[in-house]
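J.: Below are the structure tokens for one structure; questions will follow.
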Amino acid sequence: MPNRPGHNGIVSRRQGLILSAIASLALLLAMSPAENRMKDTGGPGMVPFELTGGQGKADEILAEWGEEGQDAARESLWIDFGFLVAYGAFLTLALAATRDLAQRRGWRRLAAIGGVIVSFGALAAAFDALENVCLLLTLDGAGAAFPLLATILAGVKFALLVVAIVYLIAGLGMRLRRRAAPA
């Protein structure tokens with residue numbers, strides 16, 4: 001790549017947002033066939049498996065899936081490691097952009113909250129990765145603690161994601177409200 005003025009070879013935030021959004025969508029689509037195969041067995045998809053709450057319900061799901069559904073669950077979980085990196089990057093970049101916009105525009109509360117929330121995308125991805133490890137161990141019959149631990153990790157992940165998304169929507173709402181306000 002030729003060296004252009006002002007171009008230092010580093011991906012800009014905007015480019016990172018675009019690339020991570022595309023990667024997130026592509027990996028989400030890549031998980032869809034495995035999700036469908038899980039459901040084709042008569043069992044549930046991945047989210048109910050994440051939220052079993054314990055070994056008893058996990059055993060029920062594993063029995064419903066049989067070998068084919070369990071293989072599909074493993075495939076989905078391995079692809080999900082890439083997905084969580086992509087969505088973690090996207091959310092972190094989007095949260096940072098929203099926080100920075102709030103700082104530039106003097107939206108003090110939104111900027112202050114963003115100082116904390118900016119890490120929630122990466123944290124959600126980290127909890128998702130730990131959850132995946134627990135689910136893979138559950139699939140391998142490694143111990144009764146893993147389904148419960150996966151459920152706890154999934155709950156934290158979902159809570160972080162909800163807060164991050166609400167923050168992004170609030171930032172978008174502020175931006176749209178300012179545009180619509182009469183001058």
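A note on labels: chains of the structure tokens are A, B, ... as shown, every chain counts residues from 1, and ligands are counted from 1 in their shown order.
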I'd like the contact shell of Ala86 (chain A) - 8 Å cut-off, only C-alpha atoms, skipping same-chain residues fewer than 5 positions apart - returned as a compact mmCIF listing (two decimals) with N, CA, C and O atoms, in the first residue's frame.
T.:
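Listed below is the output, around_17.txt:
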```
# COMPACT_ATOMS: atom_id res chain seq x y z
N SER A 20 -15.62 -4.53 11.77
CA SER A 20 -16.14 -5.39 12.83
C SER A 20 -17.63 -5.66 12.66
O SER A 20 -18.11 -6.74 13.01
N ALA A 21 -18.37 -4.71 12.11
CA ALA A 21 -19.80 -4.94 11.83
C ALA A 21 -19.96 -6.00 10.76
O ALA A 21 -20.79 -6.92 10.89
N ALA A 23 -17.76 -8.33 9.95
CA ALA A 23 -17.32 -9.61 10.52
C ALA A 23 -18.39 -10.18 11.45
O ALA A 23 -18.66 -11.40 11.42
N SER A 24 -19.02 -9.33 12.25
CA SER A 24 -20.07 -9.79 13.17
C SER A 24 -21.22 -10.41 12.39
O SER A 24 -21.70 -11.51 12.72
```
J.: Just want the 9 Å neighbourhood of Ser76 (chain A), counted on only C-alpha atoms, with same-chain residues fewer than 6 positions away dropped. Output as a list in words.
T.: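 Once the nearby chain positions are removed, what remains is Ala30, Met31, Ser32, Pro33, Ala34, Glu35 and Met46 of chain A.
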J.: Which parts of chain A does DSSP call alpha helix (DSSP H) when run on the backbone here, written out as an MDAnalysis selection string?
T.: chainID A and resid 13:40 46:50 55:105 108:117 120:139 145:180
J.: Find the residues near region 104-107 of chain A: any atom within 12 Å, counting only C-alpha atoms, skip ones fewer than 3 places away on the same chain, and give them as a PyMOL selection string.
T.: chain A and resi 97-101+110-114+170-171+174-175+178
J.: Compare A:Arg37, A:Leu168, A:Leu153, A:Ser12 by their minimum atom-to-atom distance to Glu75 (chain A), counting only C-alpha atoms, and give me the closest one.
T.: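 So, comparing all the options, the nearest one is A:Arg37.
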J.: One number please: CA of Ala129 (chain A) to CA of Gly66 (chain A), in Å, one decimal.
T.: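 CA of Gly66 (chain A) lies 24.2 Å from CA of Ala129 (chain A).
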J.: Given only C-alpha atoms as the basis, pick out the residue of A:Leu130, A:Leu149, A:Ile10, A:Ile169 nearest to Gln55 (chain A).
T.: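 With only C-alpha atoms as the atom set, the closest residue is A:Leu149.
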J.: Contacts of Val118 (chain A) at 10 Å or less, counting only C-alpha atoms, minus same-chain residues fewer than 2 places along, as a compact mmCIF listing (two decimals) with N, CA, C and O atoms, in the first residue's frame?
T.:
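The result, written out as around_1.txt:
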```
# COMPACT_ATOMS: atom_id res chain seq x y z
N LEU A 91 -18.80 -3.13 19.45
CA LEU A 91 -19.44 -2.41 20.54
C LEU A 91 -18.47 -1.47 21.25
O LEU A 91 -18.84 -0.34 21.59
N THR A 92 -17.26 -1.92 21.46
CA THR A 92 -16.27 -1.06 22.12
C THR A 92 -16.02 0.20 21.30
O THR A 92 -15.99 1.31 21.85
N LEU A 93 -15.85 0.03 20.01
CA LEU A 93 -15.64 1.19 19.14
C LEU A 93 -16.87 2.10 19.10
O LEU A 93 -16.76 3.33 19.15
N ALA A 94 -18.05 1.51 19.01
CA ALA A 94 -19.29 2.30 18.97
C ALA A 94 -19.52 3.03 20.29
O ALA A 94 -19.93 4.21 20.30
N LEU A 95 -19.25 2.36 21.39
CA LEU A 95 -19.40 3.00 22.70
C LEU A 95 -18.41 4.15 22.86
O LEU A 95 -18.76 5.22 23.37
N ALA A 96 -17.17 3.93 22.43
CA ALA A 96 -16.16 5.00 22.51
C ALA A 96 -16.55 6.18 21.63
O ALA A 96 -16.39 7.35 22.03
N ALA A 97 -17.07 5.90 20.45
CA ALA A 97 -17.49 6.98 19.55
C ALA A 97 -18.64 7.78 20.16
O ALA A 97 -18.67 9.02 20.09
N THR A 98 -19.57 7.09 20.79
CA THR A 98 -20.70 7.76 21.43
C THR A 98 -20.23 8.60 22.61
O THR A 98 -20.64 9.75 22.78
N ARG A 99 -19.36 8.04 23.43
CA ARG A 99 -18.80 8.78 24.56
C ARG A 99 -18.05 10.02 24.08
O ARG A 99 -18.23 11.12 24.61
N ALA A 111 -21.58 11.65 28.59
CA ALA A 111 -20.13 11.48 28.54
C ALA A 111 -19.60 10.79 29.79
O ALA A 111 -18.76 9.89 29.71
N ILE A 113 -21.25 8.81 31.92
CA ILE A 113 -21.69 7.41 31.91
C ILE A 113 -20.85 6.61 30.92
O ILE A 113 -20.45 5.48 31.18
N GLY A 114 -20.56 7.22 29.78
CA GLY A 114 -19.76 6.56 28.75
C GLY A 114 -18.36 6.20 29.22
O GLY A 114 -17.77 5.22 28.74
N GLY A 115 -17.83 6.98 30.16
CA GLY A 115 -16.51 6.66 30.70
C GLY A 115 -16.47 5.28 31.34
O GLY A 115 -15.43 4.62 31.34
N VAL A 116 -17.59 4.85 31.88
CA VAL A 116 -17.68 3.52 32.49
C VAL A 116 -18.13 2.49 31.45
O VAL A 116 -17.55 1.42 31.33
N PHE A 120 -17.94 -2.03 28.30
CA PHE A 120 -18.94 -3.08 28.38
C PHE A 120 -18.96 -4.02 27.17
O PHE A 120 -19.28 -5.19 27.31
N GLY A 121 -18.63 -3.53 25.99
CA GLY A 121 -18.57 -4.41 24.82
C GLY A 121 -17.49 -5.47 24.97
O GLY A 121 -17.71 -6.66 24.74
N ALA A 122 -16.31 -5.02 25.39
CA ALA A 122 -15.20 -5.95 25.59
C ALA A 122 -15.48 -6.89 26.76
O ALA A 122 -15.17 -8.09 26.69
N LEU A 123 -16.07 -6.36 27.83
CA LEU A 123 -16.40 -7.20 28.97
C LEU A 123 -17.44 -8.26 28.61
O LEU A 123 -17.33 -9.41 29.02
N ALA A 164 -25.07 -1.63 27.23
CA ALA A 164 -24.32 -1.04 26.12
C ALA A 164 -25.26 -0.58 25.00
O ALA A 164 -25.11 0.53 24.48
N TYR A 167 -27.22 2.49 26.02
CA TYR A 167 -26.35 3.67 25.94
C TYR A 167 -26.21 4.15 24.49
O TYR A 167 -26.30 5.35 24.22
```
J.: Looking at A:Val162, A:Leu51, A:Ala144, A:Ala58, which one is nearest to Gln70 (chain A), with distances taken over only C-alpha atoms?
T.: A:Ala58
J.: Pick the closest to Ile22 (chain A) from A:Phe146, A:Leu77, A:Phe83, A:Met38: which is it, counting only C-alpha atoms?
T.: A:Phe83
